[in-house]
file run_39.txt (compact mmCIF, C-alpha atoms and all ligand atoms)
# COMPACT_ATOMS: atom_id res chain seq x y z
CA MET A 29 -17.17 43.00 31.38
CA VAL A 30 -13.43 43.46 31.22
CA THR A 31 -12.21 44.17 27.69
CA LYS A 32 -8.75 44.78 26.29
CA ASP A 33 -9.60 48.45 25.66
CA PHE A 34 -10.74 48.83 29.24
CA LEU A 35 -7.47 47.31 30.52
CA LEU A 36 -5.38 49.54 28.28
CA THR A 37 -7.26 52.57 29.56
CA ILE A 38 -6.77 51.74 33.23
CA LEU A 39 -3.15 50.64 32.71
CA SER A 40 -2.37 54.06 31.25
CA GLU A 41 -2.83 55.29 34.82
CA VAL A 42 0.40 53.45 35.74
CA LYS A 43 3.27 55.92 35.43
CA ASP A 44 7.04 55.47 35.45
CA PRO A 45 7.96 56.50 39.03
CA GLU A 46 11.14 58.17 37.74
CA VAL A 47 9.37 60.07 34.93
CA PRO A 48 5.87 60.49 36.35
CA VAL A 49 4.44 62.12 33.19
CA LEU A 50 4.95 58.95 31.17
CA SER A 51 2.61 55.99 31.41
CA ILE A 52 3.82 52.47 30.79
CA LEU A 53 2.04 52.71 27.42
CA ASP A 54 3.90 55.92 26.46
CA LEU A 55 7.19 54.30 27.40
CA GLY A 56 6.52 51.07 25.57
CA ILE A 57 7.12 49.02 28.71
CA LEU A 58 3.71 47.36 28.34
CA ARG A 59 4.23 44.80 25.59
CA ASP A 60 0.98 42.93 25.43
CA VAL A 61 -2.43 42.47 26.99
CA ASN A 62 -4.27 39.34 25.92
CA PHE A 63 -6.88 36.97 27.18
CA GLU A 64 -5.35 33.50 27.32
CA LYS A 65 -7.07 30.37 28.60
CA ASP A 66 -8.98 31.80 31.53
CA GLU A 67 -7.09 34.91 32.51
CA TRP A 68 -5.65 38.17 31.22
CA SER A 69 -1.96 37.97 30.44
CA ILE A 70 -0.09 41.24 30.93
CA VAL A 71 3.40 41.30 29.48
CA ILE A 72 5.96 43.94 30.40
CA THR A 73 9.62 44.49 29.51
CA PRO A 74 12.37 46.36 31.40
CA THR A 75 14.02 49.48 30.00
CA TYR A 76 17.45 48.64 31.47
CA SER A 77 18.39 45.25 32.96
CA GLY A 78 18.84 46.74 36.39
CA CYS A 79 16.04 49.30 36.25
CA PRO A 80 14.90 49.56 39.90
CA ALA A 81 11.59 51.11 38.80
CA MET A 82 10.38 47.77 37.40
CA HIS A 83 9.45 46.48 40.87
CA THR A 84 7.45 49.64 41.59
CA ILE A 85 5.78 49.47 38.19
CA GLU A 86 4.72 45.89 38.74
CA ALA A 87 3.33 46.77 42.18
CA GLU A 88 1.46 49.71 40.61
CA ILE A 89 -0.08 47.43 37.99
CA HIS A 90 -1.32 45.12 40.75
CA ALA A 91 -2.74 48.08 42.70
CA THR A 92 -4.47 49.58 39.65
CA LEU A 93 -6.07 46.29 38.62
CA LYS A 94 -7.25 45.76 42.18
CA LYS A 95 -8.77 49.24 42.23
CA TYR A 96 -10.86 48.36 39.17
CA GLN A 97 -11.65 44.92 40.56
CA VAL A 98 -9.82 42.98 37.88
CA ASP A 99 -8.54 39.82 39.54
CA THR A 100 -8.05 37.15 36.89
CA TYR A 101 -4.69 38.09 35.42
CA SER A 102 -0.99 37.32 35.50
CA ILE A 103 1.99 39.56 34.86
CA SER A 104 5.07 38.28 33.09
CA THR A 105 8.32 39.86 31.93
CA VAL A 106 9.97 39.37 28.54
CA LEU A 107 13.45 40.49 27.45
CA SER A 108 13.19 39.99 23.71
CA PRO A 109 12.81 41.96 21.54
CA ALA A 110 14.87 44.18 23.79
CA TRP A 111 13.40 47.54 24.69
CA THR A 112 14.91 50.51 22.89
CA THR A 113 13.97 54.17 23.00
CA ASP A 114 12.18 53.63 19.67
CA TRP A 115 9.41 52.03 21.75
CA ILE A 116 8.59 55.41 23.29
CA THR A 117 5.54 56.83 21.49
CA GLU A 118 5.54 60.24 19.77
CA GLU A 119 3.11 61.44 22.41
CA GLY A 120 5.50 60.16 25.06
CA LYS A 121 8.39 62.11 23.53
CA GLN A 122 6.33 65.32 23.57
CA LYS A 123 5.36 64.75 27.20
CA LEU A 124 9.04 64.25 28.08
CA GLU A 125 10.08 67.54 26.52
CA ALA A 126 7.21 69.43 28.16
CA TYR A 127 8.36 67.94 31.47
CA GLY A 128 11.91 69.34 30.94
CA ILE A 129 13.65 66.15 29.85
CA ALA A 130 15.16 66.17 26.37
CA PRO A 131 13.69 63.21 24.44
CA PRO A 132 16.03 60.75 22.70
CA VAL A 133 17.44 61.96 19.38
CA ASP A 134 19.01 59.82 16.66
CA GLU A 135 22.53 59.00 17.72
CA VAL A 136 25.40 57.50 15.81
CA ASP A 137 25.81 53.81 16.25
CA LYS A 138 27.16 52.81 19.67
CA ARG A 139 29.55 50.46 17.90
CA VAL A 140 31.59 53.47 16.92
CA LEU A 141 33.91 54.37 19.75
CA PHE A 142 35.00 57.99 20.11
CA SER A 143 32.12 59.55 18.24
CA THR A 144 31.39 63.19 19.00
CA PRO A 145 28.46 63.61 21.36
CA THR A 146 25.08 64.12 19.68
CA VAL A 147 23.50 67.56 19.55
CA VAL A 148 20.72 67.53 22.13
CA PRO A 149 18.54 70.65 22.04
CA CYS A 150 17.72 72.26 25.39
CA PRO A 151 14.15 71.30 26.39
CA LEU A 152 13.68 74.72 28.02
CA CYS A 153 14.96 77.33 25.54
CA LYS A 154 15.42 75.00 22.51
CA SER A 155 19.02 76.16 22.02
CA GLU A 156 21.28 73.64 20.29
CA LEU A 157 24.32 74.93 22.15
CA THR A 158 24.41 72.32 24.87
CA LYS A 159 27.13 70.12 26.31
CA MET A 160 27.19 66.68 27.80
CA ILE A 161 28.29 66.68 31.43
CA SER A 162 28.03 62.94 31.96
CA GLN A 163 26.79 59.95 29.99
CA PHE A 164 25.20 58.72 33.19
CA GLY A 165 22.59 60.94 34.78
CA SER A 166 20.09 60.78 37.62
CA THR A 167 18.83 57.37 36.49
CA ALA A 168 20.16 54.62 34.22
CA CYS A 169 18.11 55.87 31.27
CA LYS A 170 19.31 59.47 31.38
CA ALA A 171 22.46 61.44 30.60
CA HIS A 172 23.30 64.76 32.16
CA TYR A 173 23.55 67.88 29.96
CA GLN A 174 23.87 71.60 30.39
CA CYS A 175 22.50 74.33 28.13
CA LEU A 176 25.17 76.87 27.22
CA THR A 177 22.58 79.48 26.27
CA CYS A 178 20.21 79.56 29.24
CA LYS A 179 22.77 77.80 31.51
CA GLU A 180 20.18 75.40 32.89
CA PRO A 181 21.24 71.79 33.55
CA PHE A 182 18.85 69.22 32.16
CA ASP A 183 18.33 65.48 31.81
CA TYR A 184 18.50 63.82 28.42
CA PHE A 185 16.63 60.57 27.92
CA LYS A 186 19.46 58.87 26.09
CA CYS A 187 19.01 56.96 22.88
CA LEU A 188 19.21 53.21 23.41
CA ARG A 189 19.29 50.96 20.37
CA MET B 271 23.84 19.84 27.78
CA GLU B 272 21.97 21.64 30.56
CA GLU B 273 24.95 21.27 32.85
CA SER B 274 27.23 23.04 30.38
CA THR B 275 24.69 25.81 29.96
CA TYR B 276 24.38 26.12 33.74
CA THR B 277 28.16 26.39 34.17
CA PHE B 278 28.43 28.93 31.37
CA LEU B 279 25.58 31.00 32.85
CA LEU B 280 27.33 31.09 36.22
CA ARG B 281 30.55 32.27 34.60
CA LEU B 282 28.66 34.99 32.79
CA GLY B 283 26.45 35.98 35.73
CA ASP B 284 29.20 35.87 38.35
CA ASP B 285 31.37 38.22 36.26
CA SER B 286 28.45 40.67 36.25
CA LEU B 287 27.58 40.30 39.92
CA ILE B 288 31.07 40.51 41.36
CA LEU B 289 32.10 43.47 39.20
CA GLY B 290 28.77 45.13 40.02
CA GLN B 291 29.47 44.62 43.72
CA ARG B 292 33.00 45.99 43.32
CA LEU B 293 31.78 49.08 41.45
CA SER B 294 29.10 49.78 44.03
CA GLU B 295 31.90 50.20 46.61
CA TRP B 296 32.54 53.52 44.85
CA CYS B 297 29.11 54.78 45.85
CA GLY B 298 29.69 58.00 47.76
CA HIS B 299 33.45 57.89 47.07
CA GLY B 300 33.68 58.86 43.39
CA PRO B 301 36.29 61.48 42.47
CA ILE B 302 33.52 63.71 41.11
CA LEU B 303 29.75 63.46 41.48
CA GLU B 304 29.18 62.56 37.82
CA GLU B 305 31.57 59.62 38.05
CA ASP B 306 30.11 58.47 41.33
CA ILE B 307 26.74 58.32 39.55
CA ALA B 308 28.22 56.73 36.43
CA MET B 309 29.90 53.91 38.35
CA THR B 310 26.82 53.14 40.42
CA ASN B 311 24.66 53.19 37.27
CA ILE B 312 27.01 50.71 35.62
CA ALA B 313 26.92 48.61 38.79
CA LEU B 314 23.13 48.63 38.56
CA ASP B 315 23.19 47.48 34.93
CA LEU B 316 25.61 44.67 35.80
CA ILE B 317 23.60 43.47 38.79
CA GLY B 318 20.46 43.64 36.63
CA GLN B 319 22.19 41.48 34.01
CA ALA B 320 23.21 39.05 36.74
CA THR B 321 19.59 38.85 37.91
CA ASN B 322 18.40 37.91 34.42
CA ILE B 323 21.17 35.34 34.00
CA TYR B 324 20.64 33.77 37.45
CA THR B 325 16.87 33.63 36.95
CA TYR B 326 17.47 31.49 33.90
CA ALA B 327 20.21 29.43 35.61
CA ALA B 328 18.07 28.75 38.69
CA GLY B 329 15.57 26.97 36.44
CA LEU B 330 18.28 24.52 35.35
CA THR B 331 19.37 23.36 38.81
CA PRO B 332 17.56 21.71 41.69
CA ASP B 333 20.09 23.21 44.14
CA PHE B 334 19.04 26.86 44.09
CA ASN B 335 15.47 28.16 44.00
CA ASP B 336 15.93 31.57 42.46
CA ALA B 337 18.29 34.33 41.42
CA ASP B 338 18.76 35.55 45.00
CA ALA B 339 19.76 32.10 46.23
CA LEU B 340 22.40 31.88 43.49
CA ALA B 341 23.68 35.37 44.27
CA PHE B 342 23.82 35.11 48.03
CA LEU B 343 23.93 31.50 49.16
CA ARG B 344 26.87 29.93 47.39
CA PHE B 345 30.32 29.29 48.82
CA GLU B 346 33.44 30.87 47.38
CA HIS B 347 34.47 27.85 45.28
CA GLN B 348 31.02 27.83 43.65
CA TYR B 349 31.47 31.27 42.11
CA LEU B 350 32.95 31.05 38.61
CA ASN B 351 33.83 34.66 37.84
CA ALA B 352 37.15 35.60 36.27
CA ILE B 353 39.80 36.78 38.71
CA LEU B 354 39.96 40.15 36.91
CA VAL B 355 36.59 41.32 38.22
CA GLU B 356 37.33 40.57 41.88
CA GLN B 357 40.49 42.72 41.91
CA PRO B 358 40.27 45.65 44.33
CA ASN B 359 39.11 49.05 43.10
CA GLY B 360 42.50 50.61 43.85
CA ASN B 361 42.63 54.16 42.53
CA PHE B 362 40.31 55.58 39.85
CA ALA B 363 42.69 54.48 37.06
CA ASP B 364 42.79 50.91 38.41
CA THR B 365 38.99 50.77 38.40
CA LEU B 366 38.64 52.23 34.91
CA VAL B 367 41.33 50.04 33.33
CA ARG B 368 39.75 46.94 34.91
CA GLN B 369 36.38 48.10 33.57
CA PHE B 370 37.79 48.80 30.12
CA PHE B 371 39.44 45.36 29.78
CA PHE B 372 36.13 43.83 30.85
CA ASP B 373 33.82 45.95 28.66
CA ALA B 374 35.98 45.37 25.58
CA PHE B 375 35.43 41.63 26.18
CA ARG B 376 31.72 41.74 26.97
CA VAL B 377 30.64 43.74 23.91
CA PRO B 378 31.84 41.19 21.32
CA LEU B 379 30.75 38.35 23.60
CA PHE B 380 27.15 39.63 23.75
CA GLU B 381 27.24 40.45 20.02
CA HIS B 382 27.86 36.75 19.38
CA LEU B 383 25.54 35.47 22.10
CA GLN B 384 22.54 37.37 20.75
CA ASP B 385 22.57 34.87 17.86
CA SER B 386 22.80 31.90 20.22
CA LYS B 387 20.69 28.82 19.48
CA ASP B 388 19.60 29.08 23.11
CA THR B 389 16.83 31.67 22.81
CA SER B 390 16.78 32.58 26.52
CA LEU B 391 20.49 33.29 26.45
CA ALA B 392 20.10 35.21 23.18
CA ALA B 393 17.41 37.43 24.75
CA ILE B 394 19.61 38.21 27.76
CA ALA B 395 22.55 39.01 25.46
CA GLU B 396 20.44 41.24 23.20
CA LYS B 397 19.33 43.23 26.24
CA SER B 398 22.74 43.39 27.93
CA LEU B 399 24.63 44.36 24.78
CA LYS B 400 22.92 47.74 24.57
CA GLU B 401 24.10 48.54 28.09
CA SER B 402 27.61 47.15 27.64
CA ARG B 403 28.15 49.40 24.61
CA TYR B 404 27.52 52.42 26.83
CA HIS B 405 29.90 51.02 29.44
CA LEU B 406 32.64 50.52 26.87
CA LYS B 407 32.28 54.06 25.57
CA HIS B 408 32.55 55.38 29.10
CA SER B 409 35.53 53.29 30.17
CA SER B 410 37.53 53.71 26.94
CA GLU B 411 37.09 57.49 27.01
CA TRP B 412 38.34 57.56 30.58
CA VAL B 413 41.34 55.36 29.86
CA ILE B 414 42.32 57.79 27.09
CA ARG B 415 41.70 60.82 29.28
CA LEU B 416 43.84 59.40 32.09
CA GLY B 417 46.59 57.95 29.90
CA ASP B 418 46.89 61.04 27.74
CA GLY B 419 46.33 63.34 30.72
CA THR B 420 48.71 64.63 33.35
CA GLU B 421 52.01 63.04 34.32
CA LEU B 422 50.42 61.56 37.43
CA SER B 423 47.27 60.24 35.70
CA HIS B 424 49.44 58.72 32.96
CA GLU B 425 51.67 57.00 35.49
CA ARG B 426 48.72 55.58 37.39
CA ALA B 427 46.94 54.41 34.23
CA GLN B 428 50.14 52.76 32.99
CA LEU B 429 50.67 50.98 36.31
CA ALA B 430 47.05 49.80 36.23
CA VAL B 431 47.53 48.36 32.73
CA PHE B 432 50.71 46.54 33.79
CA ASP B 433 49.04 45.28 36.94
CA LEU B 434 45.73 44.08 35.47
CA TRP B 435 46.93 42.76 32.12
CA ARG B 436 47.94 39.43 33.66
CA TYR B 437 44.29 38.66 34.54
CA THR B 438 42.89 39.15 31.04
CA GLN B 439 44.10 35.85 29.60
CA GLU B 440 41.50 33.94 31.56
CA LEU B 441 38.58 35.64 29.81
CA PHE B 442 39.25 33.73 26.58
CA HIS B 443 39.75 30.26 28.00
CA MET B 444 37.68 27.48 26.45
CA ASP B 445 36.83 24.98 29.16
CA THR B 446 34.72 21.81 28.69
CA ALA B 447 31.43 23.68 29.05
CA GLU B 448 32.35 26.28 26.44
CA GLN B 449 33.58 23.55 24.05
CA LYS B 450 30.26 21.71 24.33
CA LEU B 451 28.22 24.89 23.85
CA LEU B 452 30.32 25.90 20.87
CA ALA B 453 29.55 22.56 19.20
CA GLN B 454 25.83 23.31 19.61
CA ASP B 455 25.98 26.93 18.40
CA ILE B 456 24.98 28.12 21.85
CA ALA B 457 28.17 30.03 22.70
CA PRO B 458 30.94 31.47 20.52
CA ASN B 459 34.56 30.39 20.50
CA LEU B 460 36.04 32.63 23.17
CA GLU B 461 39.53 32.23 21.73
CA ASN B 462 38.31 33.92 18.55
CA LEU B 463 37.03 36.86 20.58
CA ARG B 464 40.54 37.59 21.74
CA GLY B 465 41.49 39.16 18.40
CA ILE B 466 38.49 41.50 18.44
CA TRP B 467 39.21 42.38 22.06
CA LEU B 468 42.88 43.05 21.35
CA GLU B 469 42.02 45.32 18.45
CA THR B 470 39.85 47.51 20.71
CA VAL B 471 42.47 47.45 23.47
CA GLU B 472 45.32 48.40 21.14
CA THR B 473 43.33 51.24 19.55
CA VAL B 474 42.55 52.72 22.94
CA MET B 475 46.07 52.18 24.30
CA GLU B 476 47.52 54.05 21.35
CA LYS B 477 45.21 57.02 21.84
CA ALA B 478 45.95 56.90 25.55
CA THR B 479 49.73 56.80 24.94
CA LEU B 480 49.87 53.67 27.10
CA LYS B 481 51.95 50.56 26.55
CA LEU B 482 50.83 46.96 26.84
CA PRO B 483 53.09 44.44 28.55
CA THR B 484 54.79 41.99 26.23
CA ASN B 485 54.13 38.92 28.36
CA GLN B 486 50.91 36.95 28.10
CA GLY B 487 49.82 36.92 31.70
CA PHE B 488 48.94 33.74 33.51
CA PHE B 489 46.00 31.40 33.39
CA GLY B 490 43.70 32.27 36.26
CA ALA B 491 41.43 29.62 37.71
CA GLY B 492 38.48 31.77 38.76
CA ARG B 493 36.37 30.02 36.10
CA LEU B 494 36.98 26.80 38.06
CA GLY B 495 36.10 28.36 41.40
CA ARG B 496 39.66 29.02 42.61
CA HIS B 497 39.90 32.68 43.49
CA SER B 498 42.33 35.29 44.66
CA GLU B 499 42.52 36.32 48.32
CA HIS B 500 40.09 39.20 47.65
CA MET B 501 37.07 37.04 46.88
CA GLY B 502 36.30 35.94 50.42
CA TYR B 503 36.12 39.52 51.62
CA ILE B 504 33.72 40.47 48.83
CA LEU B 505 31.42 37.58 49.71
CA ALA B 506 31.62 38.30 53.43
CA GLN B 507 30.27 41.77 52.81
CA MET B 508 27.83 40.85 50.05
CA GLN B 509 26.31 37.82 51.78
CA TYR B 510 26.26 39.11 55.33
CA MET B 511 22.57 40.03 55.51
CA GLN B 512 21.29 36.80 53.93
CA ARG B 513 23.58 34.68 56.08
CA ALA B 514 22.66 36.49 59.28
CA TYR B 515 18.93 36.80 58.54
CA PRO B 516 18.03 34.04 56.05
CA GLY B 517 15.26 35.05 53.66
CA MET B 518 15.16 38.64 54.85
CA GLU B 519 13.69 41.22 52.48
CA TRP B 520 13.48 44.96 52.38
ZN ZN A 601 18.51 76.39 27.40
call {"tool": "encode", "arguments": {"input": "run_39.txt", "output": "structure tokens"}}
result
Amino acid sequence: MVTKDFLLTILSEVKDPEVPVLSILDLGILRDVNFEKDEWSIVITPTYSGCPAMHTIEAEIHATLKKYQVDTYSISTVLSPAWTTDWITEEGKQKLEAYGIAPPVDEVDKRVLFSTPTVVPCPLCKSELTKMISQFGSTACKAHYQCLTCKEPFDYFKCLR
Amino acid sequence: MEESTYTFLLRLGDDSLILGQRLSEWCGHGPILEEDIAMTNIALDLIGQATNIYTYAAGLTPDFNDADALAFLRFEHQYLNAILVEQPNGNFADTLVRQFFFDAFRVPLFEHLQDSKDTSLAAIAEKSLKESRYHLKHSSEWVIRLGDGTELSHERAQLAVFDLWRYTQELFHMDTAEQKLLAQDIAPNLENLRGIWLETVETVMEKATLKLPTNQGFFGAGRLGRHSEHMGYILAQMQYMQRAYPGMEW
């Protein structure tokens, strides 16, 4: 019999194609799994409005459920409450750092223009002497940084609130 | 009521789509790699916002089935974006000043819309606001860097401000749809946003050592579907595939 725990376990096999160490549970993209009326309702939310990975993620969910022969379900998308980086689990943040992407750190409020860039420690050598190269990195959710100690460039999963 | 909401959604969504399309023209042509990536990322956010807005709007009209139909299958006079966003990319300063004027408007607009009585619109605004704040930080920092930069970058940024200022007036116009939505607490009074916008603009202009024109600009009619000569060319490029191969996907 299909249970919620079983679904959560198999859905943790679905990874973010742009950060393949994170599952949709780690990222907080999977909002809800519930049995309603006569089918499982799977609710997801996008990280950024234009995140191109959402299509792939939805296709992956379909493929995974098919693999485990779950066929009575529907997938829907919600926008509110809007996803923020606070939805990433602690485990997810550790996985990010181990993968070489600096996890989001507390940043000053975006309402303040001209704030100094946040200190983002290097995920490789842990040095705090790093500099922001660009607020927009390889994907919408990342900024581009460089470590001034070990000189390595790295991605920073920027704080969204 | 639904008709006013539909009109307002098109104005909001078309601003996002057309500016997103404009910005994506920079793809592969940015002055430096980081800015090429930044502009295409912002384009992606804007087109994503347009998708959310059109998805909601398509449910309110029998004329268009989905977001794609609204994006690709309308005629020029059916697009209700402000004339500002259809202006050509010009040089890097032109693009960034256009973006800055726009971002400084969108941030307070979404801040108000996230409290809208229309919960679907509020959800879209709540989501979009987080992205628009990043856009505003990016564009305002660049306007300052260019204005307070070299002689040439200052001159180009100043010309861009003089050139694009005239199109900003339209952003705050309260048409019938906006009036009706204001009365129902669905949309804010755009005229009141002008003060907030101007405060941001003046702060950044001062840091950038740039001057604002003293005239008010003119009242553009993009919100009514009457566009500048540039619009047709944008649509010709954007709609080509769907017009030539209806329903095609990739
Ligand atoms: Zn390092």
call {"tool": "residues_near_ligand", "arguments": {"input": "run_39.txt", "ligand": "ligand ZN 601 (chain A)", "cutoff": "12 Å", "atoms": "all atoms listed in the file", "output": "mmCIF file with C-alpha atoms, in the frame of the given file"}}
result
data_model
loop_
_atom_site.group_PDB
_atom_site.id
_atom_site.type_symbol
_atom_site.label_atom_id
_atom_site.label_comp_id
_atom_site.auth_asym_id
_atom_site.auth_seq_id
_atom_site.Cartn_x
_atom_site.Cartn_y
_atom_site.Cartn_z
ATOM 1 C CA GLY A 128 11.910 69.340 30.940
ATOM 2 C CA ILE A 129 13.650 66.150 29.850
ATOM 3 C CA ALA A 130 15.160 66.170 26.370
ATOM 4 C CA VAL A 148 20.720 67.530 22.130
ATOM 5 C CA PRO A 149 18.540 70.650 22.040
ATOM 6 C CA CYS A 150 17.720 72.260 25.390
ATOM 7 C CA PRO A 151 14.150 71.300 26.390
ATOM 8 C CA LEU A 152 13.680 74.720 28.020
ATOM 9 C CA CYS A 153 14.960 77.330 25.540
ATOM 10 C CA LYS A 154 15.420 75.000 22.510
ATOM 11 C CA SER A 155 19.020 76.160 22.020
ATOM 12 C CA GLU A 156 21.280 73.640 20.290
ATOM 13 C CA LEU A 157 24.320 74.930 22.150
ATOM 14 C CA THR A 158 24.410 72.320 24.870
ATOM 15 C CA LYS A 159 27.130 70.120 26.310
ATOM 16 C CA TYR A 173 23.550 67.880 29.960
ATOM 17 C CA GLN A 174 23.870 71.600 30.390
ATOM 18 C CA CYS A 175 22.500 74.330 28.130
ATOM 19 C CA LEU A 176 25.170 76.870 27.220
ATOM 20 C CA THR A 177 22.580 79.480 26.270
ATOM 21 C CA CYS A 178 20.210 79.560 29.240
ATOM 22 C CA LYS A 179 22.770 77.800 31.510
ATOM 23 C CA GLU A 180 20.180 75.400 32.890
ATOM 24 C CA PRO A 181 21.240 71.790 33.550
ATOM 25 C CA PHE A 182 18.850 69.220 32.160
ATOM 26 C CA ASP A 183 18.330 65.480 31.810
#
call {"tool": "interface_residues", "arguments": {"input": "run_39.txt", "of": "chain B", "to": "chain A", "cutoff": "7 Å", "atoms": "only C-alpha atoms", "output": "list in words"}}
result
Glu304, Ile307, Ala308, Asn311, Leu314, Asp315, Ile317, Gly318, Gln319, Ala393, Ile394, Glu396, Lys397, Ser398, Lys400, Arg403 and Lys407 of chain B
call {"tool": "residues_around", "arguments": {"input": "run_39.txt", "residues": "His500 (chain B)", "least_positions_apart": "2", "cutoff": "8 Å", "atoms": "only C-alpha atoms", "output": "list in words"}}
result
Glu356, Gln357, Pro358, His497, Ser498, Gly502, Tyr503 and Ile504 of chain B
call {"tool": "closest_residue", "arguments": {"input": "run_39.txt", "among": "B:Ile312, B:Leu383, B:Val355, B:Val413", "to": "Val474 (chain B)", "atoms": "only C-alpha atoms"}}
result
B:Val413
call {"tool": "residues_around", "arguments": {"input": "run_39.txt", "residues": "Tyr437 (chain B)", "least_positions_apart": "6", "cutoff": "9 Å", "atoms": "all atoms listed in the file", "output": "ChimeraX atom specification"}}
result
/B:352-355,487-490
call {"tool": "write_last_selection", "arguments": {"input": "run_39.txt", "atoms": "C-alpha atoms", "output": "mmCIF file, in the coordinates of the input"}}
result
data_model
loop_
_atom_site.group_PDB
_atom_site.id
_atom_site.type_symbol
_atom_site.label_atom_id
_atom_site.label_comp_id
_atom_site.auth_asym_id
_atom_site.auth_seq_id
_atom_site.Cartn_x
_atom_site.Cartn_y
_atom_site.Cartn_z
ATOM 1 C CA ALA B 352 37.150 35.600 36.270
ATOM 2 C CA ILE B 353 39.800 36.780 38.710
ATOM 3 C CA LEU B 354 39.960 40.150 36.910
ATOM 4 C CA VAL B 355 36.590 41.320 38.220
ATOM 5 C CA GLY B 487 49.820 36.920 31.700
ATOM 6 C CA PHE B 488 48.940 33.740 33.510
ATOM 7 C CA PHE B 489 46.000 31.400 33.390
ATOM 8 C CA GLY B 490 43.700 32.270 36.260
#
call {"tool": "residues_around", "arguments": {"input": "run_39.txt", "residues": "Val377 (chain B)", "least_positions_apart": "5", "cutoff": "10 Å", "atoms": "only C-alpha atoms", "output": "list in words"}}
result
Arg139 of chain A; Phe372, His382, Leu383, Ala395, Ser398, Leu399, Lys400, Glu401, Ser402, Arg403, Tyr404, His405, Leu406, Leu463, Ile466 and Trp467 of chain B
call {"tool": "write_last_selection", "arguments": {"input": "run_39.txt", "atoms": "C-alpha atoms", "output": "PDB file, in the frame of the given file"}}
result
ATOM      1  CA  ARG A 139      29.550  50.460  17.900  1.00  0.00           C
TER       2      ARG A 139
ATOM      3  CA  PHE B 372      36.130  43.830  30.850  1.00  0.00           C
ATOM      4  CA  HIS B 382      27.860  36.750  19.380  1.00  0.00           C
ATOM      5  CA  LEU B 383      25.540  35.470  22.100  1.00  0.00           C
ATOM      6  CA  ALA B 395      22.550  39.010  25.460  1.00  0.00           C
ATOM      7  CA  SER B 398      22.740  43.390  27.930  1.00  0.00           C
ATOM      8  CA  LEU B 399      24.630  44.360  24.780  1.00  0.00           C
ATOM      9  CA  LYS B 400      22.920  47.740  24.570  1.00  0.00           C
ATOM     10  CA  GLU B 401      24.100  48.540  28.090  1.00  0.00           C
ATOM     11  CA  SER B 402      27.610  47.150  27.640  1.00  0.00           C
ATOM     12  CA  ARG B 403      28.150  49.400  24.610  1.00  0.00           C
ATOM     13  CA  TYR B 404      27.520  52.420  26.830  1.00  0.00           C
ATOM     14  CA  HIS B 405      29.900  51.020  29.440  1.00  0.00           C
ATOM     15  CA  LEU B 406      32.640  50.520  26.870  1.00  0.00           C
ATOM     16  CA  LEU B 463      37.030  36.860  20.580  1.00  0.00           C
ATOM     17  CA  ILE B 466      38.490  41.500  18.440  1.00  0.00           C
ATOM     18  CA  TRP B 467      39.210  42.380  22.060  1.00  0.00           C
TER      19      TRP B 467
END
call {"tool": "residues_around", "arguments": {"input": "run_39.txt", "residues": "Ala327 (chain B)", "least_positions_apart": "6", "cutoff": "8 Å", "atoms": "only C-alpha atoms", "output": "list in words"}}
result
Tyr276, Leu279, Leu280 and Ala337 of chain B
call {"tool": "residues_near_point", "arguments": {"input": "run_39.txt", "point": "(37.5, 56.0, 27.1)", "cutoff": "12 Å", "atoms": "only C-alpha atoms", "output": "ChimeraX atom specification"}}
result
/A:141-143,163 /B:363,366-367,369-371,373-374,403-418,427,470-471,473-478
call {"tool": "atom_distance", "arguments": {"input": "run_39.txt", "atom1": "CA of Phe380 (chain B)", "atom2": "CA of Asp134 (chain A)"}}
result
22.9 Å
call {"tool": "atom_distance", "arguments": {"input": "run_39.txt", "atom1": "CA of Glu381 (chain B)", "atom2": "CA of Asp338 (chain B)"}}
result
26.8 Å
call {"tool": "atom_distance", "arguments": {"input": "run_39.txt", "atom1": "CA of Tyr515 (chain B)", "atom2": "CA of Leu316 (chain B)"}}
result
25.0 Å
call {"tool": "closest_residue", "arguments": {"input": "run_39.txt", "among": "A:Asp60, A:Lys170, A:Thr146, A:Lys94", "to": "Asp33 (chain A)", "atoms": "all atoms listed in the file"}}
result
A:Asp60
call {"tool": "axis_aligned_box", "arguments": {"input": "run_39.txt", "around": "region 339-342 of chain B", "padding_each_side": "4 Å", "output": "AutoDock Vina command-line options"}}
result
--center_x 21.8 --center_y 33.6 --center_z 45.8 --size_x 12.1 --size_y 11.5 --size_z 12.5
call {"tool": "closest_residue", "arguments": {"input": "run_39.txt", "among": "A:Cys187, A:Val42, A:Val30, A:Val147", "to": "Thr92 (chain A)", "atoms": "all atoms listed in the file"}}
result
A:Val42
call {"tool": "closest_residue", "arguments": {"input": "run_39.txt", "among": "A:Met160, A:Leu55, A:Ile116, A:Val61", "to": "Thr37 (chain A)", "atoms": "only C-alpha atoms"}}
result
A:Val61
call {"tool": "closest_residue", "arguments": {"input": "run_39.txt", "among": "A:Thr117, A:Glu125, A:His83, A:Pro132", "to": "Ser51 (chain A)", "atoms": "all atoms listed in the file"}}
result
A:Thr117
